[in-house]
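Below is work-v3.pdb, which holds PDB, C-alpha atoms.
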MODEL        1
ATOM      1  CA  MET T  13     234.423 326.951 251.094
ATOM      2  CA  THR T  14     233.521 323.404 252.084
ATOM      3  CA  ALA T  15     235.563 320.320 251.225
ATOM      4  CA  ILE T  16     233.420 317.168 251.145
ATOM      5  CA  ILE T  17     234.990 313.748 251.724
ATOM      6  CA  PRO T  18     232.802 310.607 251.779
ATOM      7  CA  THR T  19     234.388 307.522 253.310
ATOM      8  CA  PHE T  20     233.650 304.077 254.695
ATOM      9  CA  HIS T  21     236.030 301.664 256.435
ATOM     10  CA  ARG T  22     239.229 303.264 255.104
ATOM     11  CA  PRO T  23     240.523 305.260 258.097
ATOM     12  CA  LEU T  24     244.162 305.589 257.043
ATOM     13  CA  LEU T  25     243.257 306.682 253.539
ATOM     14  CA  VAL T  26     240.736 309.275 254.674
ATOM     15  CA  LYS T  27     243.233 310.671 257.168
ATOM     16  CA  ARG T  28     245.618 311.403 254.285
ATOM     17  CA  ALA T  29     242.779 313.033 252.315
ATOM     18  CA  VAL T  30     241.735 315.206 255.271
ATOM     19  CA  GLN T  31     245.323 316.290 255.888
ATOM     20  CA  SER T  32     245.672 317.353 252.254
ATOM     21  CA  ALA T  33     242.499 319.446 252.539
ATOM     22  CA  LEU T  34     243.689 321.092 255.747
ATOM     23  CA  ALA T  35     247.065 321.848 254.121
ATOM     24  CA  GLN T  36     245.477 324.093 251.491
ATOM     25  CA  THR T  37     246.950 327.566 251.146
ATOM     26  CA  TYR T  38     243.331 328.757 250.915
ATOM     27  CA  ARG T  39     242.549 328.882 254.636
ATOM     28  CA  ASN T  40     238.857 329.839 254.706
ATOM     29  CA  LEU T  41     237.852 326.218 254.399
ATOM     30  CA  GLU T  42     235.901 323.634 256.377
ATOM     31  CA  VAL T  43     236.131 319.882 255.851
ATOM     32  CA  VAL T  44     233.036 317.689 256.114
ATOM     33  CA  VAL T  45     233.858 313.995 256.440
ATOM     34  CA  VAL T  46     230.795 311.848 255.749
ATOM     35  CA  ILE T  47     231.124 308.366 257.226
ATOM     36  CA  ASP T  48     228.805 306.306 255.055
ATOM     37  CA  GLY T  49     227.555 303.804 257.643
ATOM     38  CA  ARG T  50     228.677 302.443 260.991
ATOM     39  CA  ASP T  51     232.466 302.799 261.140
ATOM     40  CA  ASP T  52     233.820 303.507 264.610
ATOM     41  CA  ALA T  53     237.474 303.195 263.587
ATOM     42  CA  THR T  54     237.220 306.022 261.062
ATOM     43  CA  ARG T  55     235.216 308.237 263.415
ATOM     44  CA  GLN T  56     237.774 307.801 266.194
ATOM     45  CA  LEU T  57     240.754 308.430 263.931
ATOM     46  CA  VAL T  58     239.324 311.610 262.408
ATOM     47  CA  ALA T  59     238.131 312.868 265.800
ATOM     48  CA  ALA T  60     241.622 312.285 267.216
ATOM     49  CA  MET T  61     242.987 314.837 264.753
ATOM     50  CA  ARG T  62     241.317 317.491 266.950
ATOM     51  CA  GLU T  63     240.982 319.929 264.094
ATOM     52  CA  PRO T  64     238.258 322.571 264.561
ATOM     53  CA  ARG T  65     237.779 322.944 260.810
ATOM     54  CA  VAL T  66     236.748 319.286 260.456
ATOM     55  CA  ARG T  67     233.151 318.152 260.952
ATOM     56  CA  ILE T  68     232.199 314.487 261.080
ATOM     57  CA  VAL T  69     228.824 313.390 259.745
ATOM     58  CA  GLY T  70     227.974 309.786 260.566
ATOM     59  CA  LEU T  71     225.244 308.027 258.587
ATOM     60  CA  SER T  72     223.316 305.207 260.214
ATOM     61  CA  ALA T  73     223.274 303.122 257.022
ATOM     62  CA  ASN T  74     225.472 302.773 253.966
ATOM     63  CA  LEU T  75     223.896 304.947 251.251
ATOM     64  CA  GLY T  76     226.755 305.117 248.754
ATOM     65  CA  ALA T  77     229.217 307.877 247.925
ATOM     66  CA  ALA T  78     226.783 309.835 245.721
ATOM     67  CA  GLN T  79     224.148 310.246 248.427
ATOM     68  CA  ALA T  80     226.837 310.840 251.070
ATOM     69  CA  ARG T  81     228.071 313.781 248.996
ATOM     70  CA  ASN T  82     224.511 315.092 248.591
ATOM     71  CA  ILE T  83     223.927 314.994 252.359
ATOM     72  CA  ALA T  84     227.183 316.838 252.979
ATOM     73  CA  VAL T  85     226.234 319.524 250.434
ATOM     74  CA  GLY T  86     223.032 320.106 252.388
ATOM     75  CA  MET T  87     225.042 320.592 255.591
ATOM     76  CA  ALA T  88     227.857 322.662 254.077
ATOM     77  CA  ARG T  89     228.401 326.181 255.392
ATOM     78  CA  GLY T  90     230.418 327.425 252.444
ATOM     79  CA  GLU T  91     229.104 329.129 249.319
ATOM     80  CA  TRP T  92     231.431 326.885 247.318
ATOM     81  CA  VAL T  93     231.951 323.123 247.595
ATOM     82  CA  ALA T  94     234.750 320.859 246.383
ATOM     83  CA  PHE T  95     234.793 317.074 246.422
ATOM     84  CA  LEU T  96     237.605 314.758 247.456
ATOM     85  CA  ASP T  97     237.479 310.963 247.344
ATOM     86  CA  ASP T  98     238.940 309.354 250.441
ATOM     87  CA  ASP T  99     241.719 307.587 248.518
ATOM     88  CA  ASP T 100     242.873 310.737 246.694
ATOM     89  CA  GLU T 101     244.571 313.917 247.885
ATOM     90  CA  TRP T 102     244.889 317.557 246.915
ATOM     91  CA  LEU T 103     248.037 319.540 246.235
ATOM     92  CA  PRO T 104     248.373 322.612 248.496
ATOM     93  CA  GLN T 105     247.325 325.293 245.988
ATOM     94  CA  LYS T 106     244.381 323.409 244.533
ATOM     95  CA  ILE T 107     241.568 325.374 246.148
ATOM     96  CA  ALA T 108     243.326 328.753 245.921
ATOM     97  CA  LEU T 109     243.813 328.453 242.165
ATOM     98  CA  GLN T 110     240.329 327.128 241.581
ATOM     99  CA  MET T 111     238.686 329.837 243.696
ATOM    100  CA  GLU T 112     240.635 332.446 241.750
ATOM    101  CA  ALA T 113     239.257 331.012 238.508
ATOM    102  CA  ALA T 114     235.731 330.656 239.884
ATOM    103  CA  CYS T 115     235.573 334.227 241.156
ATOM    104  CA  ALA T 116     236.852 335.534 237.816
ATOM    105  CA  SER T 117     234.160 333.653 235.893
ATOM    106  CA  ARG T 118     231.087 335.495 234.664
ATOM    107  CA  ALA T 119     229.004 332.315 234.669
ATOM    108  CA  ALA T 120     226.249 331.833 237.215
ATOM    109  CA  TYR T 121     227.599 328.364 237.964
ATOM    110  CA  PRO T 122     231.273 327.918 237.123
ATOM    111  CA  VAL T 123     232.539 324.344 237.466
ATOM    112  CA  ILE T 124     236.304 324.324 237.883
ATOM    113  CA  SER T 125     238.372 321.192 237.306
ATOM    114  CA  SER T 126     242.054 320.437 236.752
ATOM    115  CA  ARG T 127     244.449 317.792 235.614
ATOM    116  CA  THR T 128     245.586 315.133 238.072
ATOM    117  CA  ILE T 129     248.742 313.254 238.915
ATOM    118  CA  VAL T 130     247.934 309.564 238.489
ATOM    119  CA  ARG T 131     250.079 307.750 241.036
ATOM    120  CA  THR T 132     250.831 304.033 240.900
ATOM    121  CA  PRO T 133     253.319 302.014 242.958
ATOM    122  CA  ALA T 134     255.674 302.038 239.949
ATOM    123  CA  PHE T 135     255.472 305.564 238.518
ATOM    124  CA  ASP T 136     253.343 308.708 238.076
ATOM    125  CA  TRP T 137     251.864 310.380 235.030
ATOM    126  CA  ILE T 138     249.773 313.485 234.402
ATOM    127  CA  SER T 139     246.263 313.007 233.055
ATOM    128  CA  PRO T 140     244.334 313.861 231.026
ATOM    129  CA  ARG T 141     246.839 314.792 228.346
ATOM    130  CA  SER T 142     244.219 316.799 226.408
ATOM    131  CA  MET T 143     242.494 319.760 228.046
ATOM    132  CA  TYR T 144     238.766 320.392 227.926
ATOM    133  CA  ALA T 145     238.049 323.007 225.248
ATOM    134  CA  HIS T 146     235.458 325.626 226.125
ATOM    135  CA  GLY T 147     232.155 324.756 224.478
ATOM    136  CA  GLU T 148     233.181 321.213 223.561
ATOM    137  CA  PRO T 149     230.322 318.697 223.922
ATOM    138  CA  MET T 150     230.904 317.059 227.293
ATOM    139  CA  SER T 151     230.192 313.567 225.965
ATOM    140  CA  GLU T 152     232.862 313.966 223.291
ATOM    141  CA  TYR T 153     235.402 315.211 225.800
ATOM    142  CA  LEU T 154     234.717 312.323 228.168
ATOM    143  CA  PHE T 155     234.472 309.436 225.732
ATOM    144  CA  CYS T 156     236.073 310.213 222.347
ATOM    145  CA  ARG T 157     239.588 308.895 222.757
ATOM    146  CA  ARG T 158     242.521 310.636 221.167
ATOM    147  CA  ASP T 159     245.164 308.525 222.876
ATOM    148  CA  PHE T 160     244.696 304.779 223.311
ATOM    149  CA  VAL T 161     247.368 304.680 226.008
ATOM    150  CA  ASP T 162     245.739 307.142 228.398
ATOM    151  CA  GLY T 163     242.206 306.080 227.566
ATOM    152  CA  ALA T 164     239.257 308.382 228.074
ATOM    153  CA  ARG T 165     239.681 311.950 229.183
ATOM    154  CA  TYR T 166     237.869 312.954 232.330
ATOM    155  CA  MET T 167     237.073 315.486 235.020
ATOM    156  CA  GLN T 168     237.755 313.371 238.068
ATOM    157  CA  THR T 169     235.436 313.966 241.034
ATOM    158  CA  SER T 170     238.326 314.952 243.302
ATOM    159  CA  THR T 171     239.097 317.900 241.018
ATOM    160  CA  LEU T 172     235.612 319.464 240.950
ATOM    161  CA  LEU T 173     234.738 322.781 242.608
ATOM    162  CA  THR T 174     231.471 324.672 242.116
ATOM    163  CA  ARG T 175     228.765 326.628 243.898
ATOM    164  CA  ARG T 176     226.821 324.853 246.629
ATOM    165  CA  GLU T 177     223.633 326.243 245.086
ATOM    166  CA  LEU T 178     224.242 324.262 241.884
ATOM    167  CA  MET T 179     224.770 321.026 243.793
ATOM    168  CA  LEU T 180     221.527 321.576 245.707
ATOM    169  CA  GLU T 181     219.667 322.065 242.426
ATOM    170  CA  LEU T 182     221.522 319.324 240.566
ATOM    171  CA  PRO T 183     222.613 316.621 243.036
ATOM    172  CA  PHE T 184     224.394 313.371 242.256
ATOM    173  CA  GLN T 185     222.098 310.502 241.250
ATOM    174  CA  ARG T 186     221.937 308.347 244.356
ATOM    175  CA  HIS T 187     220.683 305.180 242.604
ATOM    176  CA  LEU T 188     223.716 304.784 240.328
ATOM    177  CA  LYS T 189     226.253 302.186 241.390
ATOM    178  CA  ARG T 190     228.734 303.473 238.809
ATOM    179  CA  HIS T 191     229.245 306.424 236.430
ATOM    180  CA  GLN T 192     228.038 308.980 239.028
ATOM    181  CA  ASP T 193     230.632 311.543 237.970
ATOM    182  CA  TRP T 194     229.976 311.117 234.219
ATOM    183  CA  ASP T 195     226.250 311.264 234.850
ATOM    184  CA  TRP T 196     226.537 314.524 236.780
ATOM    185  CA  LEU T 197     228.871 316.123 234.236
ATOM    186  CA  LEU T 198     226.549 315.273 231.344
ATOM    187  CA  ARG T 199     223.493 316.615 233.161
ATOM    188  CA  ALA T 200     225.352 319.741 234.297
ATOM    189  CA  SER T 201     226.599 320.444 230.775
ATOM    190  CA  SER T 202     223.037 321.263 229.679
ATOM    191  CA  TYR T 203     222.005 323.077 232.867
ATOM    192  CA  PRO T 204     221.398 326.840 232.437
ATOM    193  CA  GLY T 205     224.292 328.989 233.655
ATOM    194  CA  VAL T 206     226.863 326.192 233.974
ATOM    195  CA  ASP T 207     230.302 326.811 232.491
ATOM    196  CA  PHE T 208     233.201 324.341 232.702
ATOM    197  CA  GLN T 209     236.824 325.326 233.033
ATOM    198  CA  MET T 210     239.831 323.020 233.393
ATOM    199  CA  LEU T 211     243.040 324.396 234.852
ATOM    200  CA  PRO T 212     246.236 323.104 233.220
ATOM    201  CA  GLU T 213     247.988 322.466 236.526
ATOM    202  CA  PRO T 214     247.713 318.982 238.070
ATOM    203  CA  LEU T 215     246.108 319.863 241.410
ATOM    204  CA  ALA T 216     245.050 316.465 242.756
ATOM    205  CA  ILE T 217     246.690 313.078 243.149
ATOM    206  CA  PHE T 218     244.622 310.136 241.943
ATOM    207  CA  HIS T 219     245.945 306.983 243.591
ATOM    208  CA  VAL T 220     245.718 303.738 241.616
ATOM    209  CA  GLU T 221     246.723 300.631 243.530
ATOM    210  CA  ASP T 222     246.444 297.029 242.435
ATOM    211  CA  GLY T 223     243.994 294.946 244.412
ATOM    212  CA  ARG T 224     241.861 297.810 245.772
ATOM    213  CA  THR T 225     238.180 297.250 245.147
ATOM    214  CA  SER T 226     236.465 299.761 242.914
ATOM    215  CA  LEU T 227     232.929 299.906 241.569
ATOM    216  CA  GLY T 228     234.302 301.778 238.597
ATOM    217  CA  ARG T 229     236.273 298.689 237.598
ATOM    218  CA  ALA T 230     233.354 296.263 237.851
ATOM    219  CA  LEU T 231     232.580 294.121 234.809
ATOM    220  CA  ASP T 232     228.835 294.816 234.577
ATOM    221  CA  TRP T 233     228.636 295.845 230.913
ATOM    222  CA  GLU T 234     224.838 295.618 230.965
ATOM    223  CA  PHE T 235     224.608 298.349 233.590
ATOM    224  CA  SER T 236     226.862 300.586 231.496
ATOM    225  CA  ARG T 237     224.786 300.043 228.365
ATOM    226  CA  ALA T 238     221.511 300.657 230.225
ATOM    227  CA  TRP T 239     222.897 303.895 231.669
ATOM    228  CA  ALA T 240     224.126 305.062 228.257
ATOM    229  CA  ARG T 241     220.744 304.328 226.689
ATOM    230  CA  GLU T 242     218.991 306.273 229.447
ATOM    231  CA  MET T 243     221.376 309.211 228.921
ATOM    232  CA  ARG T 244     221.406 308.887 225.109
ATOM    233  CA  HIS T 245     220.115 312.446 224.726
ATOM    234  CA  ALA T 246     223.315 313.733 226.346
ATOM    235  CA  PHE T 247     225.641 311.844 223.960
ATOM    236  CA  THR T 248     226.643 312.897 220.493
ATOM    237  CA  PRO T 249     226.445 309.941 218.066
ATOM    238  CA  ARG T 250     230.244 309.808 217.850
ATOM    239  CA  ALA T 251     230.585 309.749 221.650
ATOM    240  CA  TYR T 252     227.959 307.006 221.911
ATOM    241  CA  SER T 253     229.968 304.724 219.619
ATOM    242  CA  PHE T 254     233.114 305.338 221.641
ATOM    243  CA  PHE T 255     231.297 304.622 224.907
ATOM    244  CA  LEU T 256     229.942 301.319 223.628
ATOM    245  CA  ALA T 257     233.422 300.264 222.523
ATOM    246  CA  THR T 258     235.388 301.368 225.580
ATOM    247  CA  GLU T 259     232.917 300.744 228.400
ATOM    248  CA  CYS T 260     230.550 298.044 227.170
ATOM    249  CA  VAL T 261     232.544 295.914 224.739
ATOM    250  CA  SER T 262     235.658 296.077 226.915
ATOM    251  CA  ARG T 263     233.730 294.916 229.999
ATOM    252  CA  ALA T 264     231.833 292.260 228.038
ATOM    253  CA  VAL T 265     235.118 290.810 226.775
ATOM    254  CA  LYS T 266     236.640 290.814 230.267
ATOM    255  CA  SER T 267     233.626 288.936 231.610
ATOM    256  CA  SER T 268     233.635 286.487 228.645
ATOM    257  CA  ALA T 269     230.052 287.429 227.754
ATOM    258  CA  GLY T 270     230.187 285.512 224.474
ATOM    259  CA  GLY T 271     229.922 286.036 220.733
ATOM    260  CA  SER T 272     226.214 286.915 220.661
ATOM    261  CA  THR T 273     226.791 289.739 223.138
ATOM    262  CA  TYR T 274     229.760 291.058 221.168
ATOM    263  CA  ALA T 275     227.631 290.978 218.014
ATOM    264  CA  GLN T 276     224.769 292.886 219.688
ATOM    265  CA  LEU T 277     227.110 295.573 220.981
ATOM    266  CA  THR T 278     228.897 295.847 217.641
ATOM    267  CA  TRP T 279     225.560 296.262 215.842
ATOM    268  CA  GLU T 280     224.549 299.040 218.250
ATOM    269  CA  PHE T 281     227.982 300.623 217.841
ATOM    270  CA  PHE T 282     227.397 301.004 214.086
ATOM    271  CA  ALA T 283     223.614 301.436 213.945
ATOM    272  CA  ARG T 284     222.978 303.846 216.810
ATOM    273  CA  GLY T 285     226.226 305.761 216.933
ATOM    274  CA  ARG T 286     228.524 307.405 214.431
ATOM    275  CA  PRO T 287     231.749 305.394 214.212
ATOM    276  CA  THR T 288     235.010 307.034 213.264
ATOM    277  CA  ALA T 289     238.239 305.389 212.160
ATOM    278  CA  ARG T 290     239.631 305.714 215.680
ATOM    279  CA  SER T 291     236.537 304.291 217.384
ATOM    280  CA  VAL T 292     236.466 301.349 214.944
ATOM    281  CA  LEU T 293     240.126 300.629 215.694
ATOM    282  CA  THR T 294     239.362 300.900 219.412
ATOM    283  CA  LEU T 295     236.495 298.442 219.067
ATOM    284  CA  ALA T 296     238.694 296.037 217.116
ATOM    285  CA  ALA T 297     241.452 296.292 219.707
ATOM    286  CA  PHE T 298     239.117 295.328 222.551
ATOM    287  CA  LEU T 299     237.676 292.439 220.542
ATOM    288  CA  CYS T 300     240.903 291.080 219.069
ATOM    289  CA  ILE T 301     243.894 291.984 221.271
ATOM    290  CA  PRO T 302     244.217 290.115 224.589
ATOM    291  CA  GLU T 303     243.785 292.287 227.655
ATOM    292  CA  ARG T 304     247.198 291.363 229.009
ATOM    293  CA  MET T 305     248.911 292.483 225.813
ATOM    294  CA  ARG T 306     246.984 295.778 225.746
ATOM    295  CA  GLY T 307     247.827 296.403 229.391
ATOM    296  CA  TRP T 308     251.493 295.669 228.816
ATOM    297  CA  GLY T 309     251.593 298.101 225.885
ATOM    298  CA  ARG T 310     249.944 300.891 227.897
ATOM    299  CA  GLN T 311     252.285 300.422 230.827
ATOM    300  CA  PHE T 312     255.343 300.378 228.571
ATOM    301  CA  ILE T 313     254.450 303.678 226.895
ATOM    302  CA  ARG T 314     253.499 305.292 230.215
ATOM    303  CA  ARG T 315     256.870 304.356 231.672
ATOM    304  CA  ILE T 316     258.629 305.983 228.717
ATOM    305  CA  ARG T 317     256.560 309.136 229.149
ATOM    306  CA  ALA T 318     257.234 309.181 232.885
ATOM    307  CA  ARG T 319     260.990 309.004 232.231
ATOM    308  CA  ASP T 320     260.751 311.849 229.721
ATOM    309  CA  ARG T 321     258.840 313.925 232.245
ATOM    310  CA  ALA T 322     261.472 313.249 234.895
ATOM    311  CA  ARG T 323     264.093 314.673 232.529
ATOM    312  CA  ARG T 324     261.858 317.628 231.623
ATOM    313  CA  PRO T 325     259.743 318.364 234.728
ATOM    314  CA  PHE T 326     256.170 319.477 234.087
ATOM    315  CA  GLN T 327     255.971 323.256 234.258
ATOM    316  CA  SER T 328     252.739 323.687 236.153
ATOM    317  CA  GLY T 329     252.873 327.442 236.457
ATOM    318  CA  LEU T 330     251.883 327.316 240.113
ATOM    319  CA  ARG T 331     251.984 330.751 241.659
ATOM    320  CA  ALA T 332     253.612 331.486 244.958
TER
ENDMDL
END
structure tokens encoding of this file:
Amino acid sequence: MTAIIPTFHRPLLVKRAVQSALAQTYRNLEVVVVIDGRDDATRQLVAAMREPRVRIVGLSANLGAAQARNIAVGMARGEWVAFLDDDDEWLPQKIALQMEAACASRAAYPVISSRTIVRTPAFDWISPRSMYAHGEPMSEYLFCRRDFVDGARYMQTSTLLTRRELMLELPFQRHLKRHQDWDWLLRASSYPGVDFQMLPEPLAIFHVEDGRTSLGRALDWEFSRAWAREMRHAFTPRAYSFFLATECVSRAVKSSAGGSTYAQLTWEFFARGRPTARSVLTLAAFLCIPERMRGWGRQFIRRIRARDRARRPFQSGLRA
């Protein structure tokens, strides 16, 4: 099994990620750290760990995380690969539980995911609240919101494990500056032999820290709409309406794109999708409720849920 960690200029973060991979109870594991460009500090720090199971791959130019992962897949020695972002970490039984599920699957290409612990400086919560249901359209799982507080459901990249063969046949799209994980999940959902399974245990920690740069938080609504139009065949109409509301309208409002833009997106929301009562309310919330007020409401409810969870600890069912 090969753990793949792309990184660039974040030596302390990637060290934590590598340590979490090496701490797995599943021991037959190598770690490939792909340094995406010239970064001597990261190379020296990882090399100083002197761990024989860690391989360092240094790229001469910055190619982006998607292509860095693809290169690592090509160099992996394991039959199975799992991905870990450099600012996330795995819990110790993550790979063991996922390999157990993968080996029990009858699918040619099982894709095993899990819930995550979302960690902020203030508190933690477990996400997504709703599990992926076998056979559910992937676009509806990813984009059709059931809970405004937690937002979209997801299969975060740091939770994914699958066969190396699948990743060679269906690599990440290197040209995308955002939505690489959604893009891959949508394409994989229609690939012959692929079967998705989400484990109920939270097996990764997704770190969210204020002030850290993230392409996923960029305000380029036009890129998101162009990507959704290109991938329209992979969306159900209902999911397409939700995506326009949550990813395009929300970003357009944050960037103060203006009334004509909001009108265009709203027209497409109704004309090219299939709005539901919840998606219409979501659209209205992004258009009418100030971002600060929405953010305050989400944080307030999450804090209440975190306190409830502290009183009634999540029973993950982890096996010894």
Pick out the closest residue to Phe255 of chain T from this set: T:Val85, T:Leu154, T:Leu173, T:Ala134. Count all atoms listed in the file.
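Closest residue, counting all atoms listed in the file: T:Leu154.
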Within 6 Å of Gly285 of chain T, counting all atoms listed in the file, which residues show up once you throw out same-chain ones fewer than 6 positions away? Write them as a list in words, please.
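Counting all atoms listed in the file, the residues come to Pro249, Arg250, Tyr252 and Ser253 of chain T.
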Take the residues from that selection and write them out as a tab-separated table (two decimals), in the coordinates of the input, keeping C-alpha atoms.
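The resulting file, selection.tsv, is shown below:
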chain	number	residue	atom	x	y	z
T	249	PRO	CA	226.44	309.94	218.07
T	250	ARG	CA	230.24	309.81	217.85
T	252	TYR	CA	227.96	307.01	221.91
T	253	SER	CA	229.97	304.72	219.62
With all atoms listed in the file as the basis for distance, which of T:Met13, T:Val45, T:Leu182, T:Ala113 is at the shortest distance from Trp196 of chain T?
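When distances to Trp196 of chain T are compared using all atoms listed in the file, the smallest one comes from T:Leu182.
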Suppose a student applies the PyMOL selection byres ((chain T and resi 292) around 12) to this structure; what residues should they get, written as a compact mmCIF listing (two decimals) with C-alpha atoms, in the frame of the given file?
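Okay, out15.txt is ready:
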# COMPACT_ATOMS: atom_id res chain seq x y z
CA CYS T 156 236.07 310.21 222.35
CA ARG T 157 239.59 308.90 222.76
CA ARG T 250 230.24 309.81 217.85
CA SER T 253 229.97 304.72 219.62
CA PHE T 254 233.11 305.34 221.64
CA PHE T 255 231.30 304.62 224.91
CA LEU T 256 229.94 301.32 223.63
CA ALA T 257 233.42 300.26 222.52
CA THR T 258 235.39 301.37 225.58
CA VAL T 261 232.54 295.91 224.74
CA THR T 278 228.90 295.85 217.64
CA PHE T 281 227.98 300.62 217.84
CA PHE T 282 227.40 301.00 214.09
CA GLY T 285 226.23 305.76 216.93
CA ARG T 286 228.52 307.40 214.43
CA PRO T 287 231.75 305.39 214.21
CA THR T 288 235.01 307.03 213.26
CA ALA T 289 238.24 305.39 212.16
CA ARG T 290 239.63 305.71 215.68
CA SER T 291 236.54 304.29 217.38
CA LEU T 293 240.13 300.63 215.69
CA THR T 294 239.36 300.90 219.41
CA LEU T 295 236.50 298.44 219.07
CA ALA T 296 238.69 296.04 217.12
CA ALA T 297 241.45 296.29 219.71
CA PHE T 298 239.12 295.33 222.55
CA LEU T 299 237.68 292.44 220.54
CA CYS T 300 240.90 291.08 219.07
Could you pull the residues within 9 Å of segment 26-39 of chain T, counting all atoms listed in the file, minus those fewer than 2 positions along the same chain, as a ChimeraX atom specification?
/T:15,17-20,22-24,41-43,45,54,57-58,61,63,65-66,96-109,111
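For the pair atom CA of Arg190 of chain T and atom CA of Gln168 of chain T, the separation is 13.4 Å.
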Taking (226.2, 328.8, 236.1) in the coordinates of the supplied file, I want to know which residues reach to within 7 Å of it, counting all atoms listed in the file; could you give the answer as a ChimeraX atom specification?
/T:119-122,204-207
Excluding Ile124 of chain T and residues on its chain fewer than 4 positions from it, collect all residues at most 12 Å away from it, counting only C-alpha atoms, and give them as a CSV table (one decimal) with C-alpha atoms, in the coordinates of the input.
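This is the output file result.csv:
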chain,number,residue,atom,x,y,z
T,92,TRP,CA,231.4,326.9,247.3
T,93,VAL,CA,232.0,323.1,247.6
T,94,ALA,CA,234.8,320.9,246.4
T,95,PHE,CA,234.8,317.1,246.4
T,106,LYS,CA,244.4,323.4,244.5
T,107,ILE,CA,241.6,325.4,246.1
T,108,ALA,CA,243.3,328.8,245.9
T,109,LEU,CA,243.8,328.5,242.2
T,110,GLN,CA,240.3,327.1,241.6
T,111,MET,CA,238.7,329.8,243.7
T,112,GLU,CA,240.6,332.4,241.8
T,113,ALA,CA,239.3,331.0,238.5
T,114,ALA,CA,235.7,330.7,239.9
T,115,CYS,CA,235.6,334.2,241.2
T,116,ALA,CA,236.9,335.5,237.8
T,117,SER,CA,234.2,333.7,235.9
T,119,ALA,CA,229.0,332.3,234.7
T,144,TYR,CA,238.8,320.4,227.9
T,146,HIS,CA,235.5,325.6,226.1
T,167,MET,CA,237.1,315.5,235.0
T,168,GLN,CA,237.8,313.4,238.1
T,169,THR,CA,235.4,314.0,241.0
T,170,SER,CA,238.3,315.0,243.3
T,171,THR,CA,239.1,317.9,241.0
T,172,LEU,CA,235.6,319.5,241.0
T,173,LEU,CA,234.7,322.8,242.6
T,174,THR,CA,231.5,324.7,242.1
T,175,ARG,CA,228.8,326.6,243.9
T,197,LEU,CA,228.9,316.1,234.2
T,206,VAL,CA,226.9,326.2,234.0
T,207,ASP,CA,230.3,326.8,232.5
T,208,PHE,CA,233.2,324.3,232.7
T,209,GLN,CA,236.8,325.3,233.0
T,210,MET,CA,239.8,323.0,233.4
T,211,LEU,CA,243.0,324.4,234.9
T,212,PRO,CA,246.2,323.1,233.2
T,213,GLU,CA,248.0,322.5,236.5
T,215,LEU,CA,246.1,319.9,241.4
Quote the spacing between atom CA of Pro214 of chain T and atom CA of Val130 of chain T in Å to one decimal place.
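Separation between atom CA of Pro214 of chain T and atom CA of Val130 of chain T: 9.4 Å.
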Given 3 Å on each side, where is the centre and what are the edge lengths in Å to one decimal of the axis-aligned box enclosing the listed atoms of segment 170-175 of chain T, as lines of an AutoDock Vina configuration file?
center_x = 233.9
center_y = 320.8
center_z = 242.4
size_x = 16.3
size_y = 17.7
size_z = 8.9
